[in-house]
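**Q** What follows is data_16.tsv, made up of TSV, C-alpha atoms:
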```tsv
chain	number	residue	atom	x	y	z
A	1	MET	CA	11.02	17.85	40.20
A	2	ARG	CA	7.55	18.89	41.22
A	3	LEU	CA	7.04	22.59	41.87
A	4	ASP	CA	4.37	22.34	44.58
A	5	ALA	CA	6.49	24.38	47.00
A	6	ILE	CA	6.47	27.45	44.74
A	7	ARG	CA	2.93	27.17	43.38
A	8	SER	CA	1.54	29.63	45.89
A	9	LEU	CA	3.78	32.34	44.40
A	10	TYR	CA	1.49	32.41	41.41
A	11	ASP	CA	-1.56	33.19	43.51
A	12	HIS	CA	-0.41	36.81	43.27
A	13	ALA	CA	-1.30	37.31	39.61
A	14	GLY	CA	-1.08	40.91	38.49
A	15	GLN	CA	1.55	41.88	41.06
A	16	ALA	CA	5.18	42.37	40.10
A	17	PHE	CA	7.83	40.37	41.94
A	18	ALA	CA	11.18	41.06	43.51
A	19	SER	CA	13.54	38.09	43.06
A	20	VAL	CA	16.77	38.27	45.05
A	21	TYR	CA	19.68	35.81	45.09
A	22	LEU	CA	22.10	36.57	47.90
A	23	ASP	CA	25.46	35.05	48.85
A	24	THR	CA	25.34	34.61	52.64
A	25	CYS	CA	28.29	32.24	52.95
A	26	ARG	CA	30.49	33.08	55.95
A	27	VAL	CA	29.83	36.82	55.84
A	28	GLY	CA	27.81	37.34	59.03
A	29	ALA	CA	24.98	39.78	59.56
A	30	GLU	CA	27.04	42.81	58.58
A	31	GLY	CA	28.18	41.18	55.37
A	32	VAL	CA	24.61	40.24	54.43
A	33	ALA	CA	23.49	43.82	55.11
A	34	ARG	CA	26.32	45.18	52.97
A	35	ARG	CA	25.45	42.90	50.07
A	36	TRP	CA	21.78	43.81	50.33
A	37	ARG	CA	22.65	47.51	50.22
A	38	ARG	CA	24.51	46.84	46.99
A	39	LEU	CA	21.65	44.87	45.40
A	40	SER	CA	18.55	46.73	46.57
A	41	PRO	CA	19.04	49.83	44.33
A	42	ARG	CA	18.60	47.55	41.31
A	43	LEU	CA	15.03	46.86	42.42
A	44	ARG	CA	14.27	50.52	43.06
A	45	ASP	CA	15.81	51.56	39.73
A	46	ALA	CA	13.61	49.01	37.96
A	47	GLY	CA	10.49	50.56	39.49
A	48	GLY	CA	10.21	48.18	42.41
A	49	ASP	CA	7.49	48.80	44.98
A	50	PRO	CA	9.19	50.44	48.01
A	51	SER	CA	7.16	48.41	50.51
A	52	THR	CA	8.22	45.15	48.85
A	53	VAL	CA	11.87	46.17	48.78
A	54	ALA	CA	11.62	47.22	52.44
A	55	ALA	CA	10.06	43.86	53.38
A	56	ILE	CA	13.11	42.01	52.05
A	57	GLY	CA	15.46	44.36	53.87
A	58	ASP	CA	13.56	43.97	57.13
A	59	LEU	CA	13.67	40.19	56.88
A	60	LEU	CA	17.39	40.13	56.19
A	61	ALA	CA	18.05	42.59	59.02
A	62	SER	CA	16.13	40.49	61.54
A	63	ASP	CA	17.32	37.21	59.99
A	64	ALA	CA	13.89	35.87	60.79
A	65	GLY	CA	13.77	33.71	57.66
A	66	SER	CA	14.17	29.95	57.82
A	67	ALA	CA	17.29	30.17	55.61
A	68	GLY	CA	19.30	32.31	58.04
A	69	SER	CA	22.32	29.98	58.29
A	70	ALA	CA	22.40	28.82	54.65
A	71	PRO	CA	25.34	29.73	52.37
A	72	GLY	CA	22.91	31.27	49.93
A	73	ARG	CA	19.35	32.53	49.88
A	74	ALA	CA	16.70	33.05	47.24
A	75	LEU	CA	13.95	35.46	48.26
A	76	PHE	CA	10.76	36.27	46.39
A	77	ALA	CA	8.48	39.12	47.42
A	78	ALA	CA	5.40	40.92	46.11
A	79	GLY	CA	2.72	43.24	47.47
A	80	GLY	CA	4.85	44.38	50.39
A	81	GLU	CA	5.65	40.94	51.80
A	82	VAL	CA	8.24	38.21	51.41
A	83	LEU	CA	6.47	35.18	49.98
A	84	LEU	CA	9.35	32.70	49.96
A	85	ASP	CA	12.78	32.63	51.62
A	86	GLU	CA	14.54	29.56	50.28
A	87	PRO	CA	17.92	28.23	51.49
A	88	LEU	CA	20.39	27.34	48.76
A	89	PRO	CA	22.87	24.46	49.06
A	90	GLY	CA	25.71	26.86	48.23
A	91	PRO	CA	26.26	30.48	47.26
A	92	PRO	CA	24.16	31.48	44.24
A	93	ARG	CA	25.99	31.19	40.96
A	94	ARG	CA	25.32	34.89	40.49
A	95	GLU	CA	23.94	37.44	42.93
A	96	LEU	CA	21.02	39.32	41.46
A	97	ALA	CA	18.00	41.45	42.24
A	98	ARG	CA	15.24	41.50	39.63
A	99	TRP	CA	11.88	43.25	39.45
A	100	SER	CA	9.57	41.52	36.95
A	101	PRO	CA	6.03	40.31	36.26
A	102	LEU	CA	6.91	36.74	37.30
A	103	PRO	CA	9.28	35.44	39.98
A	104	HIS	CA	12.69	34.43	38.60
A	105	VAL	CA	12.79	30.93	40.10
A	106	THR	CA	14.85	28.99	37.56
A	107	PRO	CA	18.30	29.67	39.09
A	108	MET	CA	17.01	28.39	42.44
A	109	LEU	CA	15.49	25.27	40.88
A	110	ALA	CA	18.61	24.50	38.84
A	111	GLN	CA	20.94	24.97	41.83
A	112	ARG	CA	18.77	23.04	44.26
A	113	GLY	CA	18.47	20.07	41.94
A	114	GLU	CA	15.88	17.34	42.10
A	115	SER	CA	14.00	17.16	45.38
A	116	VAL	CA	13.17	13.54	46.18
A	117	PRO	CA	10.63	12.70	48.91
A	118	HIS	CA	12.08	9.93	51.05
A	119	LEU	CA	12.35	8.39	54.51
A	120	ARG	CA	15.52	7.77	56.50
A	121	VAL	CA	15.49	4.97	59.05
A	122	LEU	CA	18.43	4.31	61.38
A	123	ILE	CA	17.89	1.32	63.64
A	124	ASP	CA	20.16	-0.42	66.15
A	125	ASP	CA	20.29	-1.61	69.76
A	126	ARG	CA	19.95	1.98	71.04
A	127	GLY	CA	16.69	2.72	69.29
A	128	THR	CA	15.15	3.77	66.00
A	129	ASP	CA	15.35	7.14	64.26
A	130	VAL	CA	12.96	7.99	61.45
A	131	VAL	CA	13.11	11.22	59.46
A	132	VAL	CA	10.62	12.16	56.78
A	133	VAL	CA	11.97	14.36	53.97
A	134	ARG	CA	9.27	15.82	51.81
A	135	ALA	CA	9.88	17.16	48.32
A	136	SER	CA	11.13	20.77	48.31
A	137	ALA	CA	11.12	20.92	52.08
A	138	GLN	CA	13.34	20.36	55.07
A	139	GLY	CA	13.19	17.16	57.08
A	140	ARG	CA	10.09	16.84	59.27
A	141	ALA	CA	10.59	14.91	62.47
A	142	LEU	CA	8.01	12.38	63.52
A	143	PRO	CA	6.29	13.12	66.86
A	144	GLY	CA	8.60	13.30	69.83
A	145	VAL	CA	11.15	15.93	68.86
A	146	ALA	CA	11.23	19.47	67.52
A	147	PRO	CA	10.40	20.01	63.83
A	148	GLY	CA	13.29	19.32	61.52
A	149	GLY	CA	15.08	16.89	63.89
A	150	TRP	CA	15.22	13.14	64.35
A	151	SER	CA	12.73	11.18	66.42
A	152	ARG	CA	13.74	8.07	68.32
A	153	HIS	CA	11.52	5.09	69.06
A	154	ARG	CA	13.09	2.93	71.75
A	155	TYR	CA	12.90	-0.79	72.47
A	156	GLU	CA	14.53	-2.95	75.15
A	157	PRO	CA	17.91	-4.12	73.80
A	158	GLY	CA	18.33	-7.86	73.68
A	159	VAL	CA	14.63	-8.63	74.16
A	160	ALA	CA	13.52	-10.13	70.87
A	161	ASP	CA	9.79	-10.05	71.57
A	162	SER	CA	9.97	-6.40	72.57
A	163	TRP	CA	11.84	-5.51	69.38
A	164	GLU	CA	9.38	-7.55	67.29
A	165	GLY	CA	6.55	-5.47	68.71
A	166	ASN	CA	8.40	-2.19	68.20
A	167	ALA	CA	9.37	-3.20	64.67
A	168	GLY	CA	5.71	-3.59	63.84
A	169	THR	CA	4.92	-0.15	65.28
A	170	VAL	CA	7.75	1.53	63.39
A	171	ALA	CA	6.82	-0.29	60.18
A	172	LYS	CA	3.22	0.94	60.41
A	173	ARG	CA	4.49	4.47	60.76
A	174	VAL	CA	6.87	4.08	57.81
A	175	ASN	CA	4.11	2.55	55.66
A	176	ALA	CA	1.79	5.46	56.44
A	177	GLU	CA	4.43	8.11	55.69
A	178	VAL	CA	5.39	6.45	52.40
A	179	ARG	CA	1.77	6.71	51.27
A	180	ARG	CA	1.27	10.22	52.64
A	181	ILE	CA	4.26	11.94	51.02
A	182	GLY	CA	4.61	9.68	47.98
A	183	ALA	CA	8.11	8.61	49.07
A	184	GLU	CA	10.37	7.35	46.31
A	185	LEU	CA	12.92	5.81	48.70
A	186	VAL	CA	13.10	4.31	52.17
A	187	VAL	CA	16.76	4.37	53.15
A	188	VAL	CA	17.43	1.92	56.00
A	189	ALA	CA	20.68	1.75	57.96
A	190	GLY	CA	21.83	0.16	61.18
A	191	GLU	CA	22.28	-3.29	62.71
A	192	PRO	CA	21.70	-5.94	60.00
A	193	GLN	CA	19.44	-8.25	62.02
A	194	ALA	CA	17.30	-5.34	63.20
A	195	ARG	CA	16.99	-4.06	59.64
A	196	ALA	CA	15.84	-7.48	58.47
A	197	VAL	CA	13.16	-7.68	61.18
A	198	LEU	CA	11.89	-4.21	60.29
A	199	CYS	CA	11.69	-5.05	56.59
A	200	GLU	CA	9.65	-8.16	57.35
A	201	HIS	CA	6.94	-5.88	58.76
A	202	LEU	CA	6.90	-3.34	55.93
A	203	GLY	CA	4.11	-3.26	53.37
A	204	THR	CA	4.68	-3.90	49.68
A	205	GLN	CA	4.80	-0.22	48.71
A	206	ALA	CA	7.48	0.57	51.31
A	207	THR	CA	9.42	-2.64	50.67
A	208	ASP	CA	9.69	-1.85	46.96
A	209	ARG	CA	11.41	1.43	47.87
A	210	VAL	CA	13.90	0.14	50.46
A	211	VAL	CA	17.59	0.85	49.93
A	212	MET	CA	20.03	-0.54	52.50
A	213	VAL	CA	22.96	1.59	53.66
A	214	ASP	CA	26.00	-0.08	55.22
A	215	HIS	CA	26.16	1.90	58.43
A	216	ASP	CA	25.93	-0.55	61.32
A	217	GLY	CA	25.00	1.58	64.27
A	218	ARG	CA	26.51	4.63	65.94
A	219	ALA	CA	28.81	5.41	68.79
A	220	ARG	CA	27.33	7.55	71.52
A	221	GLY	CA	27.75	11.17	70.55
A	222	ALA	CA	28.94	10.34	67.03
A	223	ASP	CA	27.79	12.41	64.08
A	224	ARG	CA	25.59	11.07	61.31
A	225	GLY	CA	28.10	11.55	58.52
A	226	PRO	CA	28.09	7.93	57.22
A	227	MET	CA	24.29	7.83	57.23
A	228	GLU	CA	24.04	11.16	55.43
A	229	LYS	CA	26.51	10.05	52.77
A	230	GLY	CA	24.60	6.82	52.24
A	231	VAL	CA	21.30	8.67	51.94
A	232	GLN	CA	22.75	11.16	49.44
A	233	ALA	CA	24.24	8.35	47.34
A	234	ALA	CA	20.87	6.56	47.27
A	235	VAL	CA	19.04	9.74	46.29
A	236	ASP	CA	21.63	10.55	43.59
A	237	ASP	CA	21.28	7.04	42.16
A	238	TRP	CA	17.50	7.36	42.04
A	239	VAL	CA	17.69	10.76	40.34
A	240	GLY	CA	20.14	9.45	37.73
A	241	GLN	CA	17.98	6.45	36.96
A	242	ARG	CA	14.82	8.55	36.76
A	243	ARG	CA	16.44	11.08	34.42
A	244	ALA	CA	17.68	8.27	32.16
A	245	GLU	CA	14.18	6.77	32.08
A	246	LEU	CA	12.62	10.09	31.08
A	247	ILE	CA	15.12	10.64	28.28
A	248	GLU	CA	14.59	7.07	27.05
A	249	TYR	CA	10.81	7.52	27.10
A	250	TYR	CA	11.02	10.86	25.27
A	251	GLY	CA	10.07	10.25	21.66
A	252	GLU	CA	8.70	6.78	22.33
A	253	GLY	CA	5.49	7.96	23.94
A	254	PRO	CA	3.48	11.15	23.37
A	255	SER	CA	6.10	13.92	23.27
A	256	ALA	CA	6.72	17.50	22.18
A	257	THR	CA	10.02	18.65	20.66
A	258	GLY	CA	11.40	22.18	20.66
A	259	LEU	CA	10.34	25.28	22.54
A	260	ALA	CA	7.46	26.30	20.25
A	261	GLU	CA	5.75	22.91	20.31
A	262	THR	CA	6.37	22.52	24.04
A	263	VAL	CA	4.81	25.92	24.75
A	264	ARG	CA	1.70	25.00	22.75
A	265	CYS	CA	1.33	21.79	24.76
A	266	LEU	CA	1.81	23.63	28.06
A	267	ARG	CA	-0.93	26.05	27.04
A	268	ARG	CA	-3.28	23.09	26.49
A	269	GLY	CA	-2.37	21.42	29.80
A	270	GLN	CA	-0.91	18.39	28.01
A	271	VAL	CA	2.57	18.38	29.56
A	272	ASP	CA	3.37	15.78	32.19
A	273	VAL	CA	7.15	16.36	32.33
A	274	LEU	CA	9.03	19.36	30.95
A	275	LEU	CA	12.64	18.62	29.96
A	276	LEU	CA	14.99	21.61	29.82
A	277	ALA	CA	18.57	21.48	28.59
A	278	GLY	CA	20.42	23.32	31.35
A	279	ASP	CA	19.32	26.96	31.16
A	280	PRO	CA	18.56	27.21	27.44
A	281	THR	CA	16.13	30.11	27.65
A	282	ALA	CA	18.25	32.55	29.67
A	283	GLU	CA	18.03	35.26	27.02
A	284	ALA	CA	14.73	34.23	25.38
A	285	LEU	CA	11.51	36.15	25.96
A	286	MET	CA	7.92	35.18	25.42
A	287	TRP	CA	4.46	36.66	25.80
A	288	VAL	CA	2.44	35.93	28.93
A	289	GLY	CA	-0.97	36.70	30.37
A	290	ARG	CA	-2.15	36.72	33.97
A	291	GLU	CA	-2.91	32.98	34.13
A	292	GLY	CA	-0.32	30.21	34.26
A	293	GLY	CA	-1.28	28.61	30.98
A	294	GLN	CA	-1.23	31.89	29.09
A	295	LEU	CA	2.14	31.86	27.31
A	296	ALA	CA	3.21	32.05	23.69
A	297	LEU	CA	6.15	32.90	21.47
A	298	ASP	CA	3.91	35.05	19.26
A	299	ARG	CA	1.82	37.84	20.78
A	300	ALA	CA	-1.01	37.15	18.32
A	301	GLU	CA	-1.44	33.66	19.79
A	302	LEU	CA	-2.61	35.28	23.05
A	303	THR	CA	-4.49	38.28	21.71
A	304	GLY	CA	-6.37	35.91	19.44
A	305	ARG	CA	-7.59	34.14	22.55
A	306	GLY	CA	-8.98	37.31	24.06
A	307	ILE	CA	-5.98	38.27	26.20
A	308	ALA	CA	-6.00	42.00	25.64
A	309	GLU	CA	-2.63	43.11	27.01
A	310	PRO	CA	-0.07	40.28	27.20
A	311	GLY	CA	3.33	41.23	28.59
A	312	ARG	CA	6.89	40.20	27.81
A	313	GLU	CA	8.71	37.96	30.25
A	314	ARG	CA	11.69	35.65	30.44
A	315	ALA	CA	10.85	32.33	28.83
A	316	ASP	CA	12.23	30.30	31.74
A	317	ALA	CA	10.03	32.20	34.23
A	318	ALA	CA	6.96	31.64	32.07
A	319	LEU	CA	7.76	27.95	31.65
A	320	ALA	CA	8.26	27.44	35.39
A	321	ARG	CA	4.90	29.08	36.14
A	322	ALA	CA	3.12	26.90	33.58
A	323	VAL	CA	4.71	23.75	35.02
A	324	ALA	CA	3.77	24.69	38.58
A	325	VAL	CA	0.13	25.57	37.95
A	326	THR	CA	-0.54	22.55	35.69
A	327	ASP	CA	0.93	20.07	38.21
A	328	ALA	CA	3.65	18.92	35.82
A	329	GLU	CA	7.29	18.05	36.59
A	330	LEU	CA	10.43	19.91	35.57
A	331	TRP	CA	13.72	18.13	34.90
A	332	PHE	CA	17.02	19.64	33.78
A	333	VAL	CA	18.93	17.41	31.36
A	334	GLU	CA	22.02	17.59	29.16
A	335	ARG	CA	21.32	19.06	25.74
A	336	ALA	CA	23.41	16.34	24.09
A	337	ALA	CA	21.10	13.70	25.56
A	338	LEU	CA	17.92	15.59	24.66
A	339	GLY	CA	18.92	16.87	21.21
A	340	THR	CA	16.99	20.12	21.67
A	341	ASP	CA	16.71	22.95	24.16
A	342	ALA	CA	13.22	22.06	25.42
A	343	ALA	CA	10.95	19.05	25.14
A	344	ALA	CA	8.08	17.46	27.00
A	345	LEU	CA	6.50	14.12	27.81
A	346	LEU	CA	2.77	14.48	27.32
A	347	ARG	CA	-0.24	13.23	29.25
A	348	PHE	CA	-2.24	12.77	26.06
```
Show how you would write the structure in this file as C-alpha cells.
**A**
Amino acid sequence: MRLDAIRSLYDHAGQAFASVYLDTCRVGAEGVARRWRRLSPRLRDAGGDPSTVAAIGDLLASDAGSAGSAPGRALFAAGGEVLLDEPLPGPPRRELARWSPLPHVTPMLAQRGESVPHLRVLIDDRGTDVVVVRASAQGRALPGVAPGGWSRHRYEPGVADSWEGNAGTVAKRVNAEVRRIGAELVVVAGEPQARAVLCEHLGTQATDRVVMVDHDGRARGADRGPMEKGVQAAVDDWVGQRRAELIEYYGEGPSATGLAETVRCLRRGQVDVLLLAGDPTAEALMWVGREGGQLALDRAELTGRGIAEPGRERADAALARAVAVTDAELWFVERAALGTDAAALLRF
C-alpha cells in the first residue's frame, strides 16, 4: 500500500504525537466517552500535552470526525489538534493510547489492509452509476450527488443510439478517472449488452483493468449487496496476485534482506517496496532523527552523520515514516513466504 494519506502527519517533525485506537462498535456516545476516560490518563501519565489530549476528547465528544459511525477509530494528534481521524473496518485489535515521538500507525495499516484505487461501474436500463475509490480514502462520487455517494448518468431505455452516445460520455469519464487516480481495477456490473457497449468505448488503459461482475441489474429500492461482494472479490484477487508477484520478484531483482540491510537502504532512499512479515518489529526499537530518512539500529550511524541527539522509537513507527516520506510502498506478508522479518525491493 502507498502511504500518501498519512504523509502529512510527518510534517510535524519535532512534535510528539498522541496515537489512540478506540473500539466504537455498538457502544453509542456514552460508551465512547467512557472508553476515552479510561484511555486518556495513559497519555497524561506519559507526559502528553494537555491541549493535544483535550483536542481528542473534544472531537470524540462532538463526534465531528468523519469516522463517527465506524466500529473502530484510529486518531492521531499533535500540537493541540487532531491531525487524522481514521475509520477502522472493525474494532481495533487492542485499544491503546500512546504518547511518542512518531505516530503509531502500524496497527491501523495492518488492520485496514491494502487500499486499492479502483472504479465501480453499474450499468443497466435504469442508468449508470460510477463510483471512484481512491487509495486510502472513501468513495468519491462523480458530479451530481453528495460526496461519498453514487452518481447516476441516465440514458433513454431501449433507444440504442441514445445509449451509444451516453456510453461514449461515460467511457470518457472512466478513462479520465483511471488516469487521474492510477486505478488498478475497473469493476463493471450490470446488463451484459450494455456492459459490452461501454467496454467498446473504453481506452486501452481502462480496458486492461476491467473486471466483470455477474450482477445483472437491480430491482428498484434493492441494496447493492451483490455489487459490493463482487467488487470486494475483485479487489481481494488483485491484492493476492500483487502480493505473490512481489514475493516472487524479491531476490530476483535488486533487493534487501533483513531489518539492518533494509534500514540502510531506506536511509539512502533506495526502497521501492518494503515487505514486512506481519508485525515483526512490535518490541524492537531503533534510533531516529527529525527527518524521515534518519533511522538506524545503531546510534553511532546517526551521530556520525551529524545528527546530534537521535531518539529511541518503535521500529515499526520509524519504518512507516521512512516509507511514507520516500514515496515507497508497504506490504504485509507471511513470514514463511518471505523467510525473514523485513525485506525490500529496491529502486536501484
**Q** Could you pull the residues within 9 Å of Trp238 of chain A, counting only C-alpha atoms, minus those fewer than 3 positions along the same chain, as a PDB file with C-alpha atoms, keeping the file's coordinate frame?
**A**
```
ATOM      1  CA  VAL A 116      13.170  13.540  46.180  1.00  0.00           C
ATOM      2  CA  GLU A 184      10.370   7.350  46.310  1.00  0.00           C
ATOM      3  CA  LEU A 185      12.920   5.810  48.700  1.00  0.00           C
ATOM      4  CA  ALA A 233      24.240   8.350  47.340  1.00  0.00           C
ATOM      5  CA  ALA A 234      20.870   6.560  47.270  1.00  0.00           C
ATOM      6  CA  VAL A 235      19.040   9.740  46.290  1.00  0.00           C
ATOM      7  CA  GLN A 241      17.980   6.450  36.960  1.00  0.00           C
ATOM      8  CA  ARG A 242      14.820   8.550  36.760  1.00  0.00           C
ATOM      9  CA  ARG A 243      16.440  11.080  34.420  1.00  0.00           C
TER      10      ARG A 243
END
```
**Q** Using all atoms listed in the file, can you tell me which of A:Arg347, A:Met1, A:Val210, A:Gly278 comes closest to Gly113 of chain A?
**A** A:Met1
**Q** Which is closest to Thr52 of chain A among A:Val263, A:Arg37, A:Val82, A:Asp316, if we use all atoms listed in the file?
**A**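 Between A:Val263, A:Arg37, A:Val82, A:Asp316, the residue approaching Thr52 of chain A most closely is A:Val82.
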**Q** Which distance in Å separates atom CA of Met286 of chain A and atom CA of Ala74 of chain A, to one decimal?
**A**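 Pair atom CA of Met286 of chain A / atom CA of Ala74 of chain A returns 23.6 Å.
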**Q** Just checking: using all atoms listed in the file, which residue out of A:Leu43, A:Leu346, A:Ala206, A:Leu109 ends up closest to Val188 of chain A?
**A**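 Of A:Leu43, A:Leu346, A:Ala206, A:Leu109, the one nearest Val188 of chain A, counting all atoms listed in the file, is A:Ala206.
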**Q** Go through A:Pro107, A:Pro41, A:Arg2, A:Tyr10 and flag the residue nearest Gly182 of chain A, using all atoms listed in the file for the distances.
**A**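 Among A:Pro107, A:Pro41, A:Arg2, A:Tyr10, it is A:Arg2 that comes nearest to Gly182 of chain A.
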**Q** Give me, as an mmCIF file with C-alpha atoms, in the coordinates of the input, all polymer residues having an atom no more than 12 Å from segment 44-51 of chain A, counting only C-alpha atoms and skipping those fewer than 4 positions away in the same chain.
**A**
```
data_model
loop_
_atom_site.group_PDB
_atom_site.id
_atom_site.type_symbol
_atom_site.label_atom_id
_atom_site.label_comp_id
_atom_site.auth_asym_id
_atom_site.auth_seq_id
_atom_site.Cartn_x
_atom_site.Cartn_y
_atom_site.Cartn_z
ATOM 1 C CA GLN A 15 1.550 41.880 41.060
ATOM 2 C CA ALA A 16 5.180 42.370 40.100
ATOM 3 C CA PHE A 17 7.830 40.370 41.940
ATOM 4 C CA ALA A 18 11.180 41.060 43.510
ATOM 5 C CA SER A 19 13.540 38.090 43.060
ATOM 6 C CA ARG A 37 22.650 47.510 50.220
ATOM 7 C CA ARG A 38 24.510 46.840 46.990
ATOM 8 C CA LEU A 39 21.650 44.870 45.400
ATOM 9 C CA SER A 40 18.550 46.730 46.570
ATOM 10 C CA ALA A 55 10.060 43.860 53.380
ATOM 11 C CA ILE A 56 13.110 42.010 52.050
ATOM 12 C CA GLY A 57 15.460 44.360 53.870
ATOM 13 C CA ASP A 58 13.560 43.970 57.130
ATOM 14 C CA ALA A 77 8.480 39.120 47.420
ATOM 15 C CA ALA A 78 5.400 40.920 46.110
ATOM 16 C CA GLY A 79 2.720 43.240 47.470
ATOM 17 C CA GLY A 80 4.850 44.380 50.390
ATOM 18 C CA GLU A 81 5.650 40.940 51.800
ATOM 19 C CA VAL A 82 8.240 38.210 51.410
ATOM 20 C CA ALA A 97 18.000 41.450 42.240
ATOM 21 C CA ARG A 98 15.240 41.500 39.630
ATOM 22 C CA TRP A 99 11.880 43.250 39.450
ATOM 23 C CA SER A 100 9.570 41.520 36.950
ATOM 24 C CA PRO A 101 6.030 40.310 36.260
#
```
**Q** What gap, in Å, lies between atom CA of Val186 of chain A and atom CA of Asn166 of chain A?
**A** 17.9 Å
**Q** Residues near Pro89 of chain A, anyone? I mean within 9 Å using only C-alpha atoms, not counting same-chain ones fewer than 3 positions away, as a PyMOL selection string.
**A** chain A and resi 70-73+92+111-112
**Q** Interatomic distance between atom CA of Arg321 of chain A and atom CA of Gly292 of chain A?
**A**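 Spanning atom CA of Arg321 of chain A to atom CA of Gly292 of chain A is a straight-line distance of 5.7 Å.
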**Q** Looking at all atoms listed in the file, which of A:Val211, A:Ala196, A:His118, A:Ala343 is the one that sits closest to Ile181 of chain A?
**A**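 Of A:Val211, A:Ala196, A:His118, A:Ala343, the one nearest Ile181 of chain A, counting all atoms listed in the file, is A:His118.
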**Q** Output as lines of an AutoDock Vina configuration file the centre and edge lengths (Å, one decimal) of the box along x, y and z of the file that holds every listed atom of segment 330-336 of chain A after adding 3 Å on each side.
**A**
```
center_x = 16.9
center_y = 18.1
center_z = 29.8
size_x = 19.0
size_y = 9.6
size_z = 17.5
```
**Q** Which residue gives the smallest distance to Ala318 of chain A among A:Gln294, A:Thr204, A:Gln193, A:Ser8, with all atoms listed in the file counted?
**A** A:Gln294
**Q** Leaving out Arg314 of chain A and any residue of its chain fewer than 3 positions from it, which residues lie within 12 Å of it when counting all atoms listed in the file, given as a ChimeraX atom specification?
**A** /A:98-106,279-288,295-297,311,317-321
**Q** Is there a way to get, as a list in words, all residues within 8 Å of the point (-3.9, 25.2, 30.8) in file coordinates, counting all atoms listed in the file?
**A**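 Residues close enough to count: Leu266, Arg267, Arg268, Gly269, Gln270, Gly292, Gly293, Gln294, Ala322 and Thr326 of chain A.
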**Q** Could you please take those selected residues and save C-alpha atoms as a PDB file, keeping the file's coordinate frame?
**A**
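The result, written out as again-v2.pdb:
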```pdb
ATOM      1  CA  LEU A 266       1.810  23.630  28.060  1.00  0.00           C
ATOM      2  CA  ARG A 267      -0.930  26.050  27.040  1.00  0.00           C
ATOM      3  CA  ARG A 268      -3.280  23.090  26.490  1.00  0.00           C
ATOM      4  CA  GLY A 269      -2.370  21.420  29.800  1.00  0.00           C
ATOM      5  CA  GLN A 270      -0.910  18.390  28.010  1.00  0.00           C
ATOM      6  CA  GLY A 292      -0.320  30.210  34.260  1.00  0.00           C
ATOM      7  CA  GLY A 293      -1.280  28.610  30.980  1.00  0.00           C
ATOM      8  CA  GLN A 294      -1.230  31.890  29.090  1.00  0.00           C
ATOM      9  CA  ALA A 322       3.120  26.900  33.580  1.00  0.00           C
ATOM     10  CA  THR A 326      -0.540  22.550  35.690  1.00  0.00           C
TER      11      THR A 326
END
```
**Q** Tell me, as a ChimeraX atom specification, which residues lie within 9 Å of Leu119 of chain A, counting all atoms listed in the file; anything in the same chain fewer than 5 positions away does not count.
**A** /A:130-134,174,177-178,183-188
**Q** How about saving the chosen residues, C-alpha atoms kept, as an mmCIF file, in the coordinates of the input?
**A**
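This is the output file out.cif:
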```cif
data_model
loop_
_atom_site.group_PDB
_atom_site.id
_atom_site.type_symbol
_atom_site.label_atom_id
_atom_site.label_comp_id
_atom_site.auth_asym_id
_atom_site.auth_seq_id
_atom_site.Cartn_x
_atom_site.Cartn_y
_atom_site.Cartn_z
ATOM 1 C CA VAL A 130 12.960 7.990 61.450
ATOM 2 C CA VAL A 131 13.110 11.220 59.460
ATOM 3 C CA VAL A 132 10.620 12.160 56.780
ATOM 4 C CA VAL A 133 11.970 14.360 53.970
ATOM 5 C CA ARG A 134 9.270 15.820 51.810
ATOM 6 C CA VAL A 174 6.870 4.080 57.810
ATOM 7 C CA GLU A 177 4.430 8.110 55.690
ATOM 8 C CA VAL A 178 5.390 6.450 52.400
ATOM 9 C CA ALA A 183 8.110 8.610 49.070
ATOM 10 C CA GLU A 184 10.370 7.350 46.310
ATOM 11 C CA LEU A 185 12.920 5.810 48.700
ATOM 12 C CA VAL A 186 13.100 4.310 52.170
ATOM 13 C CA VAL A 187 16.760 4.370 53.150
ATOM 14 C CA VAL A 188 17.430 1.920 56.000
#
```
